[in-house]
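To be precise, the following lines are data_27.cif, and they hold mmCIF, C-alpha atoms.
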```cif
data_protein
loop_
_atom_site.label_atom_id
_atom_site.label_comp_id
_atom_site.auth_asym_id
_atom_site.auth_seq_id
_atom_site.Cartn_x
_atom_site.Cartn_y
_atom_site.Cartn_z
CA ASN A 57 -11.71 -8.58 0.98
CA ALA A 58 -8.20 -9.59 2.00
CA GLY A 59 -6.28 -6.51 0.85
CA VAL A 60 -2.57 -7.27 1.35
CA THR A 61 -1.67 -10.73 2.64
CA GLN A 62 1.75 -11.57 4.03
CA THR A 63 3.10 -15.01 4.85
CA PRO A 64 4.43 -16.20 7.19
CA LYS A 65 3.39 -14.07 10.18
CA PHE A 66 6.30 -15.26 12.33
CA GLN A 67 9.64 -16.86 11.51
CA VAL A 68 12.80 -17.75 13.38
CA LEU A 69 15.95 -18.30 11.32
CA LYS A 70 19.47 -19.27 12.16
CA THR A 71 22.26 -17.03 10.94
CA GLY A 72 23.12 -17.94 7.35
CA GLN A 73 19.78 -19.52 6.50
CA SER A 74 17.72 -18.23 3.63
CA MET A 75 14.02 -17.58 3.32
CA THR A 76 11.44 -15.79 1.20
CA LEU A 77 8.70 -13.56 2.55
CA GLN A 78 5.59 -13.66 0.43
CA CYS A 79 3.19 -10.82 -0.28
CA ALA A 80 0.04 -10.77 -2.38
CA GLN A 81 -2.56 -8.06 -2.97
CA ASP A 82 -6.02 -8.40 -4.47
CA MET A 83 -6.77 -4.72 -5.15
CA ASN A 84 -5.31 -4.63 -8.67
CA HIS A 85 -2.68 -2.18 -7.46
CA ASN A 86 0.25 -1.42 -9.71
CA SER A 87 2.87 -0.58 -7.09
CA MET A 88 4.17 -2.69 -4.23
CA TYR A 89 6.69 -2.05 -1.43
CA TRP A 90 8.66 -3.80 1.27
CA TYR A 91 9.39 -1.92 4.50
CA ARG A 92 11.08 -2.94 7.71
CA GLN A 93 10.20 -1.54 11.12
CA ASP A 94 12.80 -1.36 13.85
CA PRO A 95 12.57 0.25 17.29
CA GLY A 96 13.55 3.92 17.13
CA MET A 97 13.91 3.78 13.34
CA GLY A 98 10.36 3.92 12.04
CA LEU A 99 9.51 2.28 8.74
CA ARG A 100 12.31 2.12 6.20
CA LEU A 101 11.89 1.17 2.57
CA ILE A 102 13.84 -1.88 1.42
CA TYR A 103 12.70 -2.29 -2.18
CA TYR A 104 9.74 -1.24 -4.25
CA SER A 105 8.12 -2.13 -7.55
CA ALA A 106 6.46 0.82 -9.23
CA SER A 107 4.79 -1.45 -11.76
CA GLU A 108 4.83 -5.07 -12.87
CA GLY A 109 8.23 -5.93 -14.29
CA THR A 110 10.18 -3.21 -12.46
CA THR A 111 11.96 -3.17 -9.11
CA ASP A 112 14.10 -0.50 -7.46
CA LYS A 113 16.15 -0.15 -4.31
CA GLY A 114 14.93 1.83 -1.35
CA GLU A 115 16.83 3.14 1.67
CA VAL A 116 18.08 -0.19 3.07
CA PRO A 117 18.38 -2.81 0.28
CA ASN A 118 21.60 -4.54 1.36
CA GLY A 119 21.14 -8.23 2.13
CA TYR A 120 17.81 -8.49 0.33
CA ASN A 121 16.50 -9.37 -3.10
CA VAL A 122 13.00 -9.03 -4.49
CA SER A 123 10.89 -10.52 -7.24
CA ARG A 124 7.74 -9.02 -8.73
CA LEU A 125 6.28 -12.35 -9.76
CA ASN A 126 3.17 -10.86 -11.35
CA LYS A 127 0.88 -7.90 -10.69
CA ARG A 128 -0.43 -9.46 -7.47
CA GLU A 129 2.72 -10.84 -5.87
CA PHE A 130 5.94 -9.27 -4.61
CA SER A 131 8.38 -11.44 -2.65
CA LEU A 132 11.36 -10.50 -0.48
CA ARG A 133 14.29 -12.91 -0.18
CA LEU A 134 16.99 -13.07 2.44
CA GLU A 135 19.82 -15.13 0.93
CA SER A 136 21.95 -15.41 4.09
CA ALA A 137 20.13 -14.12 7.14
CA ALA A 138 22.00 -12.03 9.71
CA PRO A 139 20.95 -10.98 13.24
CA SER A 140 20.78 -7.36 11.97
CA GLN A 141 17.84 -8.45 9.81
CA THR A 142 15.75 -9.21 12.87
CA SER A 143 12.79 -6.92 12.33
CA VAL A 144 9.13 -6.66 11.48
CA TYR A 145 8.61 -6.63 7.72
CA PHE A 146 5.63 -4.94 6.10
CA CYS A 147 4.49 -5.26 2.54
CA ALA A 148 2.34 -2.48 1.09
CA SER A 149 0.65 -1.69 -2.18
CA SER A 150 -0.72 1.41 -3.88
CA GLU A 151 -2.70 2.13 -6.99
CA ALA A 152 0.32 3.83 -8.54
CA PRO A 153 3.61 5.36 -7.45
CA GLY A 154 3.42 8.94 -6.36
CA ALA A 155 2.21 10.85 -3.37
CA ASN A 156 -1.46 10.99 -4.30
CA TYR A 157 -1.83 7.27 -3.73
CA GLY A 158 -1.72 6.10 -0.14
CA TYR A 159 -0.51 2.69 0.84
CA THR A 160 -2.43 -0.35 2.02
CA PHE A 161 -0.28 -2.39 4.36
CA GLY A 162 -0.26 -6.06 5.24
CA SER A 163 -0.23 -7.16 8.87
CA GLY A 164 3.50 -7.85 8.91
CA THR A 165 6.02 -10.68 9.30
CA ARG A 166 7.98 -10.79 12.53
CA LEU A 167 11.41 -12.25 11.74
CA THR A 168 13.99 -13.22 14.33
CA VAL A 169 17.48 -14.25 13.26
CA VAL A 170 19.48 -16.05 15.96
CA ASP B 286 19.78 10.61 8.10
CA GLN B 287 16.15 10.61 9.18
CA GLN B 288 14.22 12.99 6.91
CA VAL B 289 11.01 12.73 8.93
CA LYS B 290 11.19 12.96 12.70
CA GLN B 291 8.74 12.40 15.50
CA ASN B 292 10.56 13.56 18.59
CA SER B 293 8.05 12.30 21.14
CA PRO B 294 8.16 8.50 21.40
CA SER B 295 5.10 8.45 23.63
CA LEU B 296 2.18 10.57 24.78
CA SER B 297 -0.51 10.00 27.43
CA VAL B 298 -3.79 11.91 27.40
CA GLN B 299 -6.99 11.73 29.41
CA GLU B 300 -10.10 10.59 27.60
CA GLY B 301 -12.05 13.55 26.21
CA ARG B 302 -9.01 15.85 26.05
CA ILE B 303 -7.03 16.87 22.97
CA SER B 304 -4.11 14.78 21.72
CA ILE B 305 -1.46 16.63 19.71
CA LEU B 306 1.13 14.59 17.84
CA ASN B 307 4.00 16.39 16.17
CA CYS B 308 6.18 15.68 13.16
CA ASP B 309 9.12 17.56 11.64
CA TYR B 310 10.80 17.07 8.30
CA THR B 311 14.01 18.27 6.72
CA ASN B 312 13.44 17.90 2.97
CA SER B 313 11.92 21.08 1.55
CA MET B 314 10.85 19.13 -1.54
CA PHE B 315 8.27 17.17 0.45
CA ASP B 316 4.80 18.36 -0.43
CA TYR B 317 2.45 15.56 0.49
CA PHE B 318 2.00 14.22 4.00
CA LEU B 319 0.12 11.34 5.57
CA TRP B 320 -0.66 10.09 9.04
CA TYR B 321 -0.98 6.37 9.70
CA LYS B 322 -2.27 4.62 12.79
CA LYS B 323 -0.95 1.24 13.90
CA TYR B 324 -2.33 -1.20 16.44
CA PRO B 325 -0.13 -4.01 17.81
CA ALA B 326 0.24 -7.00 15.49
CA GLU B 327 -1.44 -5.13 12.64
CA GLY B 328 -0.18 -3.16 9.69
CA PRO B 329 -0.43 0.64 9.61
CA THR B 330 -3.73 2.02 8.35
CA PHE B 331 -4.24 5.36 6.63
CA LEU B 332 -5.72 8.09 8.79
CA ILE B 333 -5.54 11.49 7.11
CA SER B 334 -3.49 13.37 4.51
CA ILE B 335 -2.57 16.91 3.57
CA SER B 336 -0.89 18.45 0.56
CA SER B 337 1.29 21.54 0.62
CA ILE B 338 -1.35 23.71 -1.01
CA LYS B 339 -3.31 23.53 2.25
CA ASP B 340 -2.42 24.32 5.83
CA LYS B 341 -5.24 22.34 7.43
CA ASN B 342 -7.32 19.28 6.72
CA GLU B 343 -10.11 17.88 8.88
CA ASP B 344 -11.78 14.50 9.04
CA GLY B 345 -14.14 14.10 11.96
CA ARG B 346 -12.17 14.15 15.20
CA PHE B 347 -8.86 14.30 13.33
CA THR B 348 -7.23 17.48 12.04
CA VAL B 349 -3.81 17.80 10.47
CA PHE B 350 -2.02 21.16 10.39
CA LEU B 351 0.91 21.93 8.09
CA ASN B 352 3.43 24.74 8.58
CA LYS B 353 5.65 24.61 5.51
CA SER B 354 7.94 27.42 6.58
CA ALA B 355 8.71 25.56 9.81
CA LYS B 356 8.70 22.16 8.09
CA HIS B 357 6.32 20.97 10.76
CA LEU B 358 3.00 19.17 10.84
CA SER B 359 0.78 18.11 13.67
CA LEU B 360 -2.18 15.80 14.18
CA HIS B 361 -4.91 16.87 16.57
CA ILE B 362 -7.41 14.38 17.94
CA VAL B 363 -10.42 15.91 19.67
CA PRO B 364 -11.91 14.46 21.78
CA SER B 365 -9.50 11.61 22.42
CA GLN B 366 -10.99 8.17 23.00
CA PRO B 367 -9.45 5.00 24.48
CA GLY B 368 -9.72 3.35 21.03
CA ASP B 369 -7.30 5.96 19.73
CA SER B 370 -4.52 4.32 21.74
CA ALA B 371 -2.05 3.22 19.05
CA VAL B 372 1.24 4.16 17.41
CA TYR B 373 0.94 7.07 14.98
CA PHE B 374 3.36 7.49 12.08
CA CYS B 375 3.70 10.55 9.91
CA ALA B 376 5.01 10.10 6.37
CA ALA B 377 6.12 12.51 3.66
CA SER B 378 6.77 12.40 -0.04
CA GLU B 379 7.55 14.59 -3.00
CA ILE B 380 4.46 14.91 -5.17
CA ASP B 381 6.10 12.90 -7.96
CA GLY B 382 8.19 10.75 -5.66
CA ASN B 383 8.15 6.98 -5.66
CA GLN B 384 8.15 6.49 -1.93
CA PHE B 385 7.02 7.84 1.39
CA TYR B 386 9.49 8.50 4.17
CA PHE B 387 8.17 7.57 7.59
CA GLY B 388 8.85 8.99 11.02
CA THR B 389 9.75 6.85 14.02
CA GLY B 390 6.23 6.88 15.45
CA THR B 391 4.55 8.21 18.60
CA SER B 392 2.77 5.80 20.92
CA LEU B 393 -0.46 7.43 22.13
CA THR B 394 -2.20 6.17 25.25
CA VAL B 395 -5.65 7.55 26.03
CA ILE B 396 -6.49 6.99 29.67
CA PRO B 397 -10.16 6.32 30.45
#
```
Let me see the file written as structure tokens.
Amino acid sequence: NAGVTQTPKFQVLKTGQSMTLQCAQDMNHNSMYWYRQDPGMGLRLIYYSASEGTTDKGEVPNGYNVSRLNKREFSLRLESAAPSQTSVYFCASSEAPGANYGYTFGSGTRLTVV
Amino acid sequence: DQQVKQNSPSLSVQEGRISILNCDYTNSMFDYFLWYKKYPAEGPTFLISISSIKDKNEDGRFTVFLNKSAKHLSLHIVPSQPGDSAVYFCAASEIDGNQFYFGTGTSLTVIP
């Protein structure tokens, strides 16, 4: 039972390079989320997808794009990486949007932009 | 501005004693709260929740208290065990909201 799987686990990028972080869940959840974790800032929402076919901005969407490829997969793309995007990225899923449904998180992607 | 705050970045407690982790929030519309636990190199895992219709919720050694008038919640761990050493995040949401807002985390160390 994998839960939420994120790839890659680690990545180093040069400034200006692009990359896509992949996320897949096998729990038949409707909603998926991308968060970033920075020291002293906690977890901040980048984008979310309440259901297949929809995406919405969170608190810190600038510099990112997302694609809800299907019900299982939700990818996060950095078109032109910047050092400020050095962070740990977590994907999460929930049965539905709304407070009654807690999140299941992946193990994270540690991204360094040099 | 941070809507959910955990003002203590770290806490050390002796094994067997009580650990108390605190969380404050500013949005009076929040009415559902969660605590997550995170080990290094892992994602956060759900620990315990409470809704605004309650002021206390217990699950084994873990109890969460909510004081809505003070916009404050706390997590009590009794007795604390070395395996409880982790970073604890509180999170809050409106009941019909689309996202949880997370605090900055408190790193708990339980000393054997």
On this structure, which residues satisfy the PyMOL selection byres ((chain B and resi 334-344) around 10), written as an mmCIF file with C-alpha atoms, keeping the file's coordinate frame?
```cif
data_model
loop_
_atom_site.group_PDB
_atom_site.id
_atom_site.type_symbol
_atom_site.label_atom_id
_atom_site.label_comp_id
_atom_site.auth_asym_id
_atom_site.auth_seq_id
_atom_site.Cartn_x
_atom_site.Cartn_y
_atom_site.Cartn_z
ATOM 1 C CA ALA A 155 2.210 10.850 -3.370
ATOM 2 C CA ASN A 156 -1.460 10.990 -4.300
ATOM 3 C CA GLY A 158 -1.720 6.100 -0.140
ATOM 4 C CA PHE B 315 8.270 17.170 0.450
ATOM 5 C CA ASP B 316 4.800 18.360 -0.430
ATOM 6 C CA TYR B 317 2.450 15.560 0.490
ATOM 7 C CA PHE B 318 2.000 14.220 4.000
ATOM 8 C CA LEU B 319 0.120 11.340 5.570
ATOM 9 C CA TRP B 320 -0.660 10.090 9.040
ATOM 10 C CA TYR B 321 -0.980 6.370 9.700
ATOM 11 C CA PHE B 331 -4.240 5.360 6.630
ATOM 12 C CA LEU B 332 -5.720 8.090 8.790
ATOM 13 C CA ILE B 333 -5.540 11.490 7.110
ATOM 14 C CA GLY B 345 -14.140 14.100 11.960
ATOM 15 C CA ARG B 346 -12.170 14.150 15.200
ATOM 16 C CA PHE B 347 -8.860 14.300 13.330
ATOM 17 C CA THR B 348 -7.230 17.480 12.040
ATOM 18 C CA VAL B 349 -3.810 17.800 10.470
ATOM 19 C CA PHE B 350 -2.020 21.160 10.390
ATOM 20 C CA LEU B 351 0.910 21.930 8.090
ATOM 21 C CA ASN B 352 3.430 24.740 8.580
ATOM 22 C CA LYS B 353 5.650 24.610 5.510
ATOM 23 C CA LEU B 358 3.000 19.170 10.840
ATOM 24 C CA SER B 359 0.780 18.110 13.670
ATOM 25 C CA LEU B 360 -2.180 15.800 14.180
ATOM 26 C CA HIS B 361 -4.910 16.870 16.570
ATOM 27 C CA ILE B 362 -7.410 14.380 17.940
ATOM 28 C CA CYS B 375 3.700 10.550 9.910
ATOM 29 C CA ALA B 376 5.010 10.100 6.370
ATOM 30 C CA ALA B 377 6.120 12.510 3.660
ATOM 31 C CA SER B 378 6.770 12.400 -0.040
ATOM 32 C CA GLU B 379 7.550 14.590 -3.000
ATOM 33 C CA ILE B 380 4.460 14.910 -5.170
#
```
For chain A against chain B, with a cut-off of 12 Å and counting all atoms listed in the file, what is the closest atom pair and its distance in Å to one decimal for every residue that makes the cut, ordered by chain and number, as CSV?
```
residue,atom,partner,partner_atom,distance
A:Gly59,CA,B:Gly328,CA,11.3
A:Val60,CA,B:Gly328,CA,9.6
A:Thr61,CA,B:Gly328,CA,10.5
A:Gln62,CA,B:Gly328,CA,10.3
A:Lys65,CA,B:Ala326,CA,9.4
A:Phe66,CA,B:Ala326,CA,10.7
A:Ser87,CA,B:Asn383,CA,9.3
A:Met88,CA,B:Gln384,CA,10.3
A:Tyr89,CA,B:Gln384,CA,8.7
A:Trp90,CA,B:Gln384,CA,10.8
A:Tyr91,CA,B:Phe387,CA,10.1
A:Arg92,CA,B:Phe387,CA,10.9
A:Gln93,CA,B:Thr389,CA,8.9
A:Asp94,CA,B:Thr389,CA,8.8
A:Pro95,CA,B:Thr389,CA,7.9
A:Gly96,CA,B:Thr389,CA,5.7
A:Met97,CA,B:Thr389,CA,5.2
A:Gly98,CA,B:Thr389,CA,3.6
A:Leu99,CA,B:Phe387,CA,5.6
A:Arg100,CA,B:Phe387,CA,7.0
A:Leu101,CA,B:Tyr386,CA,7.9
A:Ile102,CA,B:Gln384,CA,10.7
A:Tyr103,CA,B:Gln384,CA,9.9
A:Tyr104,CA,B:Gln384,CA,8.2
A:Ser105,CA,B:Asn383,CA,9.3
A:Ala106,CA,B:Asn383,CA,7.3
A:Ser107,CA,B:Asn383,CA,10.9
A:Thr111,CA,B:Asn383,CA,11.4
A:Asp112,CA,B:Asn383,CA,9.7
A:Lys113,CA,B:Gln384,CA,10.7
A:Gly114,CA,B:Gln384,CA,8.2
A:Glu115,CA,B:Tyr386,CA,9.4
A:Val144,CA,B:Ala326,CA,9.8
A:Tyr145,CA,B:Gly328,CA,9.7
A:Phe146,CA,B:Gly328,CA,7.1
A:Cys147,CA,B:Gly328,CA,8.8
A:Ala148,CA,B:Gly328,CA,9.0
A:Ser149,CA,B:Gln384,CA,11.1
A:Ser150,CA,B:Gln384,CA,10.4
A:Glu151,CA,B:Asn383,CA,12.0
A:Ala152,CA,B:Asn383,CA,8.9
A:Pro153,CA,B:Asn383,CA,5.1
A:Gly154,CA,B:Asp381,CA,5.0
A:Ala155,CA,B:Ile380,CA,5.0
A:Asn156,CA,B:Ile380,CA,7.2
A:Tyr157,CA,B:Ile380,CA,10.0
A:Gly158,CA,B:Phe331,CA,7.3
A:Tyr159,CA,B:Phe331,CA,7.4
A:Thr160,CA,B:Thr330,CA,6.9
A:Phe161,CA,B:Gly328,CA,5.4
A:Gly162,CA,B:Gly328,CA,5.3
A:Ser163,CA,B:Gly328,CA,4.1
A:Gly164,CA,B:Gly328,CA,6.0
A:Thr165,CA,B:Ala326,CA,9.2
A:Arg166,CA,B:Ala326,CA,9.1
```
*Give me the residues within 7 Å of segment 108-110 of chain A as number ranges by chain, counting all atoms listed in the file and dropping any in the same chain fewer than 3 places off.*
A: 86, 105, 124, 126-127
*Starting from the shown file, work through the PyMOL selection byres ((chain B and resi 300-302) around 6) and note down what comes out as a list in words.*
Gln299, Ile303, Pro364, Ser365, Gln366, Val395, Ile396 and Pro397 of chain B
_Atomic separation - atom CA of Ser123 of chain A relative to atom CA of Thr76 of chain A, Å_ = 10.0 Å
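Going from atom CA of Gln73 of chain A to atom CA of Pro117 of chain A covers 17.9 Å.
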_Here's a test: counting all atoms listed in the file, identify every protein, DNA and RNA residue with an atom at most 9 Å from (23.6, -9.2, 15.0) in the file's coordinate frame, and state them as a list in words._
Thr71, Ala138, Pro139, Ser140, Gln141, Thr142, Val169 and Val170 of chain A
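Distance-wise, atom CA of Phe130 of chain A and atom CA of Cys79 of chain A end up 5.4 Å apart.
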*Run the PyMOL selection byres ((chain B and resi 297) around 6) mentally over the shown coordinates, then write out the matched residues as a PyMOL selection string, using the chain letters and numbers from the document.*
chain B and resi 296+298+393-395
Exercise on segment 117-135 of chain A, axis-aligned box with 8 Å per side, report centre and edge lengths in Å to one decimal, as AutoDock Vina command-line options:
```
--center_x 10.6 --center_y -9.0 --center_z -4.5 --size_x 38.0 --size_y 28.3 --size_z 29.8
```
*Any idea what's packed within 6 Å of Leu134 of chain A, counting only C-alpha atoms, ignoring anything in its chain fewer than 2 positions away? Could you give it as a list in words?*
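Contacts, with the query itself left out: Ser74, Met75, Tyr120, Ser136 and Ala137 of chain A.
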